[in-house]
file my_file_29.pdb (PDB, C-alpha atoms)
ATOM      1  CA  SER A   1     -63.879 -11.032   9.049  1.00  0.00           C
ATOM      2  CA  PRO A   2     -63.063 -10.057  12.610  1.00  0.00           C
ATOM      3  CA  ALA A   3     -60.139  -7.713  13.207  1.00  0.00           C
ATOM      4  CA  SER A   4     -57.129  -9.314  14.853  1.00  0.00           C
ATOM      5  CA  PRO A   5     -56.942  -8.423  18.523  1.00  0.00           C
ATOM      6  CA  THR A   6     -54.322  -5.906  19.553  1.00  0.00           C
ATOM      7  CA  PRO A   7     -52.419  -6.521  22.776  1.00  0.00           C
ATOM      8  CA  SER A   8     -53.866  -4.321  25.496  1.00  0.00           C
ATOM      9  CA  ARG A   9     -51.540  -2.085  27.456  1.00  0.00           C
ATOM     10  CA  PRO A  10     -52.152  -0.879  30.968  1.00  0.00           C
ATOM     11  CA  SER A  11     -52.821   2.848  30.800  1.00  0.00           C
ATOM     12  CA  THR A  12     -50.167   3.580  33.469  1.00  0.00           C
ATOM     13  CA  ALA A  13     -47.260   2.236  31.327  1.00  0.00           C
ATOM     14  CA  THR A  14     -44.797   4.781  30.028  1.00  0.00           C
ATOM     15  CA  PRO A  15     -44.018   4.590  26.330  1.00  0.00           C
ATOM     16  CA  GLY A  16     -41.124   2.271  25.466  1.00  0.00           C
ATOM     17  CA  PRO A  17     -37.645   3.568  24.757  1.00  0.00           C
ATOM     18  CA  THR A  18     -37.140   5.144  21.371  1.00  0.00           C
ATOM     19  CA  PRO A  19     -35.568   2.677  18.945  1.00  0.00           C
ATOM     20  CA  PRO A  20     -31.832   3.180  18.374  1.00  0.00           C
ATOM     21  CA  PRO A  21     -30.746   4.701  15.073  1.00  0.00           C
ATOM     22  CA  PRO A  22     -30.273   2.203  12.241  1.00  0.00           C
ATOM     23  CA  GLY A  23     -27.081   0.218  12.436  1.00  0.00           C
ATOM     24  CA  PRO A  24     -25.646  -1.358  15.566  1.00  0.00           C
ATOM     25  CA  ALA A  25     -23.966   1.010  17.999  1.00  0.00           C
ATOM     26  CA  PHE A  26     -21.536  -1.757  18.969  1.00  0.00           C
ATOM     27  CA  PRO A  27     -21.089  -4.148  16.055  1.00  0.00           C
ATOM     28  CA  GLN A  28     -20.662  -7.705  17.239  1.00  0.00           C
ATOM     29  CA  GLN A  29     -18.579  -8.879  14.312  1.00  0.00           C
ATOM     30  CA  GLN A  30     -15.517  -7.225  12.827  1.00  0.00           C
ATOM     31  CA  GLN A  31     -16.333  -4.715  10.157  1.00  0.00           C
ATOM     32  CA  GLN A  32     -15.072  -5.545   6.695  1.00  0.00           C
ATOM     33  CA  PRO A  33     -11.508  -4.271   6.404  1.00  0.00           C
ATOM     34  CA  LEU A  34     -11.088  -1.271   4.184  1.00  0.00           C
ATOM     35  CA  THR A  35      -9.627  -1.834   0.770  1.00  0.00           C
ATOM     36  CA  TRP A  36      -6.150  -0.430   0.303  1.00  0.00           C
ATOM     37  CA  MET A  37      -4.867   0.464  -3.145  1.00  0.00           C
ATOM     38  CA  ALA A  38      -1.339   0.981  -4.414  1.00  0.00           C
ATOM     39  CA  THR A  39      -0.614   3.301  -7.330  1.00  0.00           C
ATOM     40  CA  ILE A  40       2.744   2.495  -8.904  1.00  0.00           C
ATOM     41  CA  GLY A  41       4.527   4.769 -11.325  1.00  0.00           C
ATOM     42  CA  PRO A  42       7.583   6.851 -12.124  1.00  0.00           C
ATOM     43  CA  ASP A  43       8.084   9.919  -9.952  1.00  0.00           C
ATOM     44  CA  ARG A  44      10.081  12.790 -11.446  1.00  0.00           C
ATOM     45  CA  GLU A  45      10.747  14.555  -8.128  1.00  0.00           C
ATOM     46  CA  TYR A  46      12.008  11.364  -6.520  1.00  0.00           C
ATOM     47  CA  PHE A  47      14.138  10.602  -9.594  1.00  0.00           C
ATOM     48  CA  MET A  48      15.747  14.062  -9.529  1.00  0.00           C
ATOM     49  CA  ALA A  49      16.516  13.717  -5.808  1.00  0.00           C
ATOM     50  CA  MET A  50      17.986  10.255  -6.392  1.00  0.00           C
ATOM     51  CA  MET A  51      20.202  11.572  -9.185  1.00  0.00           C
ATOM     52  CA  GLN A  52      21.580  14.294  -6.903  1.00  0.00           C
ATOM     53  CA  ARG A  53      22.419  11.706  -4.226  1.00  0.00           C
ATOM     54  CA  SER A  54      23.782   9.053  -6.604  1.00  0.00           C
ATOM     55  CA  GLY A  55      27.253   8.569  -7.954  1.00  0.00           C
ATOM     56  CA  PRO A  56      28.378   8.533 -11.593  1.00  0.00           C
ATOM     57  CA  GLU A  57      26.828   5.097 -12.192  1.00  0.00           C
ATOM     58  CA  ALA A  58      23.412   6.782 -12.215  1.00  0.00           C
ATOM     59  CA  ALA A  59      24.394   9.261 -14.937  1.00  0.00           C
ATOM     60  CA  GLY A  60      23.116   6.994 -17.709  1.00  0.00           C
ATOM     61  CA  LEU A  61      19.646   6.671 -16.198  1.00  0.00           C
ATOM     62  CA  ASN A  62      16.749   8.498 -17.757  1.00  0.00           C
ATOM     63  CA  LEU A  63      13.258   8.811 -16.374  1.00  0.00           C
ATOM     64  CA  PRO A  64      10.898   6.976 -18.746  1.00  0.00           C
ATOM     65  CA  ALA A  65       9.141   9.455 -21.000  1.00  0.00           C
ATOM     66  CA  TYR A  66       5.839   7.641 -20.696  1.00  0.00           C
ATOM     67  CA  SER A  67       4.845   4.973 -18.281  1.00  0.00           C
ATOM     68  CA  PRO A  68       1.232   4.398 -17.329  1.00  0.00           C
ATOM     69  CA  GLU A  69       0.595   4.178 -13.639  1.00  0.00           C
ATOM     70  CA  GLN A  70      -0.404   0.764 -12.388  1.00  0.00           C
ATOM     71  CA  GLN A  71      -3.202   0.371  -9.861  1.00  0.00           C
ATOM     72  CA  ARG A  72      -3.219  -2.616  -7.580  1.00  0.00           C
ATOM     73  CA  THR A  73      -5.513  -3.637  -4.759  1.00  0.00           C
ATOM     74  CA  LEU A  74      -3.543  -4.783  -1.735  1.00  0.00           C
ATOM     75  CA  THR A  75      -4.824  -8.231  -0.816  1.00  0.00           C
ATOM     76  CA  GLY A  76      -3.642 -11.082   1.349  1.00  0.00           C
ATOM     77  CA  ASN A  77      -1.111 -10.761   4.136  1.00  0.00           C
ATOM     78  CA  GLN A  78       1.727  -9.409   2.055  1.00  0.00           C
ATOM     79  CA  VAL A  79       2.463  -7.903  -1.349  1.00  0.00           C
ATOM     80  CA  THR A  80       5.993  -8.323  -2.690  1.00  0.00           C
ATOM     81  CA  ILE A  81       7.780  -5.571  -4.623  1.00  0.00           C
ATOM     82  CA  GLY A  82      10.682  -6.272  -6.958  1.00  0.00           C
ATOM     83  CA  ARG A  83      11.699  -7.457 -10.398  1.00  0.00           C
ATOM     84  CA  ARG A  84      10.987 -10.809 -11.984  1.00  0.00           C
ATOM     85  CA  ARG A  85      13.966 -13.134 -11.895  1.00  0.00           C
ATOM     86  CA  HIS A  86      14.130 -14.645 -15.376  1.00  0.00           C
ATOM     87  CA  SER A  87      16.389 -17.532 -14.306  1.00  0.00           C
ATOM     88  CA  THR A  88      13.873 -18.865 -11.784  1.00  0.00           C
ATOM     89  CA  GLY A  89      10.659 -17.267 -13.021  1.00  0.00           C
ATOM     90  CA  ASP A  90       9.986 -15.855  -9.542  1.00  0.00           C
ATOM     91  CA  THR A  91       7.640 -12.922 -10.055  1.00  0.00           C
ATOM     92  CA  PRO A  92       6.837 -10.416  -7.292  1.00  0.00           C
ATOM     93  CA  ASP A  93       3.271  -9.145  -6.836  1.00  0.00           C
ATOM     94  CA  ILE A  94       4.380  -5.672  -7.944  1.00  0.00           C
ATOM     95  CA  ASP A  95       6.770  -6.493 -10.798  1.00  0.00           C
ATOM     96  CA  LEU A  96       8.966  -3.556 -11.813  1.00  0.00           C
ATOM     97  CA  SER A  97      10.780  -5.513 -14.534  1.00  0.00           C
ATOM     98  CA  VAL A  98       8.064  -4.715 -17.075  1.00  0.00           C
ATOM     99  CA  PRO A  99       8.982  -1.876 -19.455  1.00  0.00           C
ATOM    100  CA  PRO A 100      10.108   0.648 -18.548  1.00  0.00           C
ATOM    101  CA  GLU A 101      12.098  -1.548 -16.170  1.00  0.00           C
ATOM    102  CA  ASP A 102      13.408   0.284 -13.117  1.00  0.00           C
ATOM    103  CA  PRO A 103      17.063  -0.828 -12.946  1.00  0.00           C
ATOM    104  CA  GLY A 104      17.421   0.352  -9.363  1.00  0.00           C
ATOM    105  CA  VAL A 105      14.927  -2.157  -8.000  1.00  0.00           C
ATOM    106  CA  SER A 106      16.239  -5.389  -6.475  1.00  0.00           C
ATOM    107  CA  HIS A 107      14.640  -8.726  -7.396  1.00  0.00           C
ATOM    108  CA  GLN A 108      13.298  -8.977  -3.850  1.00  0.00           C
ATOM    109  CA  HIS A 109      13.210  -5.317  -2.933  1.00  0.00           C
ATOM    110  CA  ALA A 110      10.496  -4.810  -0.338  1.00  0.00           C
ATOM    111  CA  VAL A 111       7.268  -6.277   0.985  1.00  0.00           C
ATOM    112  CA  LEU A 112       4.036  -4.563   1.986  1.00  0.00           C
ATOM    113  CA  VAL A 113       2.781  -6.436   5.057  1.00  0.00           C
ATOM    114  CA  GLN A 114      -0.743  -6.230   6.407  1.00  0.00           C
ATOM    115  CA  GLN A 115      -0.873  -5.317  10.092  1.00  0.00           C
ATOM    116  CA  PRO A 116      -3.321  -6.871  12.593  1.00  0.00           C
ATOM    117  CA  ASP A 117      -5.514  -3.725  12.440  1.00  0.00           C
ATOM    118  CA  GLY A 118      -5.792  -3.912   8.650  1.00  0.00           C
ATOM    119  CA  THR A 119      -3.300  -1.155   7.876  1.00  0.00           C
ATOM    120  CA  TRP A 120      -0.091  -1.846   5.950  1.00  0.00           C
ATOM    121  CA  ALA A 121       3.614  -1.511   6.654  1.00  0.00           C
ATOM    122  CA  VAL A 122       6.572  -1.627   4.283  1.00  0.00           C
ATOM    123  CA  VAL A 123       9.580  -3.861   4.968  1.00  0.00           C
ATOM    124  CA  ASP A 124      12.791  -3.434   2.982  1.00  0.00           C
ATOM    125  CA  GLN A 125      14.272  -6.837   2.098  1.00  0.00           C
ATOM    126  CA  ASN A 126      17.868  -5.620   2.455  1.00  0.00           C
ATOM    127  CA  SER A 127      17.664  -4.245  -1.095  1.00  0.00           C
ATOM    128  CA  THR A 128      20.742  -2.896  -2.857  1.00  0.00           C
ATOM    129  CA  ASN A 129      19.498   0.689  -3.152  1.00  0.00           C
ATOM    130  CA  GLY A 130      17.175   0.818  -0.160  1.00  0.00           C
ATOM    131  CA  THR A 131      13.584   1.923   0.305  1.00  0.00           C
ATOM    132  CA  THR A 132      12.509   5.375   1.444  1.00  0.00           C
ATOM    133  CA  VAL A 133       9.138   6.713   2.583  1.00  0.00           C
ATOM    134  CA  ASN A 134       7.607  10.124   1.790  1.00  0.00           C
ATOM    135  CA  GLY A 135      10.717  11.588   0.167  1.00  0.00           C
ATOM    136  CA  SER A 136      13.037  10.937   3.115  1.00  0.00           C
ATOM    137  CA  GLU A 137      16.747  10.889   2.261  1.00  0.00           C
ATOM    138  CA  ASP A 138      17.415   8.097   4.747  1.00  0.00           C
ATOM    139  CA  PRO A 139      16.412   4.584   3.721  1.00  0.00           C
ATOM    140  CA  ILE A 140      14.360   2.573   6.172  1.00  0.00           C
ATOM    141  CA  GLN A 141      16.089  -0.173   8.163  1.00  0.00           C
ATOM    142  CA  PRO A 142      16.091  -3.563   6.412  1.00  0.00           C
ATOM    143  CA  PHE A 143      13.628  -6.098   7.833  1.00  0.00           C
ATOM    144  CA  VAL A 144      11.966  -3.531  10.144  1.00  0.00           C
ATOM    145  CA  PRO A 145       8.278  -2.869   9.334  1.00  0.00           C
ATOM    146  CA  VAL A 146       7.481   0.819   8.843  1.00  0.00           C
ATOM    147  CA  PRO A 147       3.734   1.508   9.289  1.00  0.00           C
ATOM    148  CA  LEU A 148       2.092   3.368   6.417  1.00  0.00           C
ATOM    149  CA  GLN A 149      -0.721   5.909   6.557  1.00  0.00           C
ATOM    150  CA  ASP A 150      -3.274   6.735   3.889  1.00  0.00           C
ATOM    151  CA  GLY A 151      -1.454   8.669   1.140  1.00  0.00           C
ATOM    152  CA  ASP A 152       2.082   7.630   2.112  1.00  0.00           C
ATOM    153  CA  ARG A 153       4.603   7.238  -0.705  1.00  0.00           C
ATOM    154  CA  VAL A 154       7.069   4.362  -0.806  1.00  0.00           C
ATOM    155  CA  HIS A 155      10.089   5.006  -3.048  1.00  0.00           C
ATOM    156  CA  VAL A 156      12.076   2.141  -4.585  1.00  0.00           C
ATOM    157  CA  GLY A 157      14.661   1.923  -7.337  1.00  0.00           C
ATOM    158  CA  ALA A 158      15.654   4.887  -9.467  1.00  0.00           C
ATOM    159  CA  TRP A 159      12.227   6.453 -10.024  1.00  0.00           C
ATOM    160  CA  THR A 160       9.385   4.266  -8.815  1.00  0.00           C
ATOM    161  CA  THR A 161       6.938   5.587  -6.226  1.00  0.00           C
ATOM    162  CA  ILE A 162       4.173   3.438  -4.780  1.00  0.00           C
ATOM    163  CA  THR A 163       1.408   5.533  -3.228  1.00  0.00           C
ATOM    164  CA  ILE A 164      -0.751   3.738  -0.658  1.00  0.00           C
ATOM    165  CA  ARG A 165      -4.388   4.829  -0.387  1.00  0.00           C
ATOM    166  CA  ARG A 166      -7.224   3.572   1.734  1.00  0.00           C
ATOM    167  CA  GLY A 167     -10.287   2.905  -0.421  1.00  0.00           C
TER     168      GLY A 167
END
call {"tool": "encode", "arguments": {"input": "my_file_29.pdb", "output": "structure tokens"}}
result
Amino acid sequence: SPASPTPSRPSTATPGPTPPPPGPAFPQQQQQPLTWMATIGPDREYFMAMMQRSGPEAAGLNLPAYSPEQQRTLTGNQVTIGRRRHSTGDTPDIDLSVPPEDPGVSHQHAVLVQQPDGTWAVVDQNSTNGTTVNGSEDPIQPFVPVPLQDGDRVHVGAWTTITIRRG
């Protein structure tokens, strides 16, 4: 069988440009957003700091001896944080009414809101005891989104810390 003809090249042509490295240099479509995870659990340091700042009503609180951390993938446009309201059955995405229930968490305490660039911010929902970030003593302003970075810690209630990590 005859060999297939190869296209002839003029001998004066310079070799073509070297192919670009694999993967587009300028992707045309948006890259898949990174997955963000929240780790929720009791935080002894935060609890001790809260106790020092709190009045006598906090004296009866004890950090739970054992509470497994919860892991949750942040999905959708917002993730609500709070405690289930038994009267209405409203359950937040991150429900802190499961044992050991954190009594310092409001029913609608805070919301994690996805930002246009795929990162997340925390918004306090005018909660009774406030929301702090990264061990700050001053609660964030209600209804004002506070952008979060990879590894930031959101503190709610008497002992709960939610650590945000980019996956």
call {"tool": "residues_around", "arguments": {"input": "my_file_29.pdb", "residues": "Leu74 (chain A)", "least_positions_apart": "4", "cutoff": "9 Å", "atoms": "only C-alpha atoms", "output": "ChimeraX atom specification"}}
result
/A:35-38,78-79,112,114,120
call {"tool": "resolve_selection", "arguments": {"input": "my_file_29.pdb", "expression": "the PyMOL selection byres ((chain A and resi 68) around 9)", "output": "list of chain:residue names"}}
result
A:Ile40, A:Gly41, A:Pro42, A:Tyr66, A:Ser67, A:Glu69, A:Gln70
call {"tool": "resolve_selection", "arguments": {"input": "my_file_29.pdb", "expression": "the PyMOL selection byres ((chain A and resi 81) around 6)", "output": "list in words"}}
result
Thr80, Gly82, Pro92, Ile94, His109, Ala110 and Val111 of chain A
call {"tool": "residues_around", "arguments": {"input": "my_file_29.pdb", "residues": "region 153-161 of chain A", "least_positions_apart": "5", "cutoff": "7 Å", "atoms": "only C-alpha atoms", "output": "count of residues only"}}
result
19
call {"tool": "resolve_selection", "arguments": {"input": "my_file_29.pdb", "expression": "the PyMOL selection byres ((chain A and resi 165) around 8)", "output": "list in words"}}
result
Trp36, Met37, Ala38, Gln149, Asp150, Gly151, Asp152, Thr163, Ile164, Arg166 and Gly167 of chain A
call {"tool": "closest_residue", "arguments": {"input": "my_file_29.pdb", "among": "A:Ser127, A:Thr119, A:Asn62, A:Thr91", "to": "Leu34 (chain A)", "atoms": "only C-alpha atoms"}}
result
A:Thr119
call {"tool": "closest_residue", "arguments": {"input": "my_file_29.pdb", "among": "A:Asp90, A:Ile162, A:Glu101, A:Glu45", "to": "Thr73 (chain A)", "atoms": "all atoms listed in the file"}}
result
A:Ile162
call {"tool": "closest_residue", "arguments": {"input": "my_file_29.pdb", "among": "A:Ala65, A:Leu148, A:Met51, A:Ile140", "to": "Asp124 (chain A)", "atoms": "all atoms listed in the file"}}
result
A:Ile140
call {"tool": "closest_residue", "arguments": {"input": "my_file_29.pdb", "among": "A:Pro139, A:Gly55, A:Pro147, A:Pro100", "to": "Gln115 (chain A)", "atoms": "only C-alpha atoms"}}
result
A:Pro147
call {"tool": "atom_distance", "arguments": {"input": "my_file_29.pdb", "atom1": "CA of Gly76 (chain A)", "atom2": "CA of Ala121 (chain A)"}}
result
13.1 Å
call {"tool": "atom_distance", "arguments": {"input": "my_file_29.pdb", "atom1": "CA of His107 (chain A)", "atom2": "CA of Pro145 (chain A)"}}
result
18.8 Å
call {"tool": "atom_distance", "arguments": {"input": "my_file_29.pdb", "atom1": "CA of Arg53 (chain A)", "atom2": "CA of Ser106 (chain A)"}}
result
18.3 Å
call {"tool": "closest_residue", "arguments": {"input": "my_file_29.pdb", "among": "A:Pro64, A:Pro142, A:Asn77, A:Ala49", "to": "Pro116 (chain A)", "atoms": "only C-alpha atoms"}}
result
A:Asn77
call {"tool": "closest_residue", "arguments": {"input": "my_file_29.pdb", "among": "A:Pro99, A:Gln108, A:Asn126, A:Ser54", "to": "Arg84 (chain A)", "atoms": "all atoms listed in the file"}}
result
A:Gln108
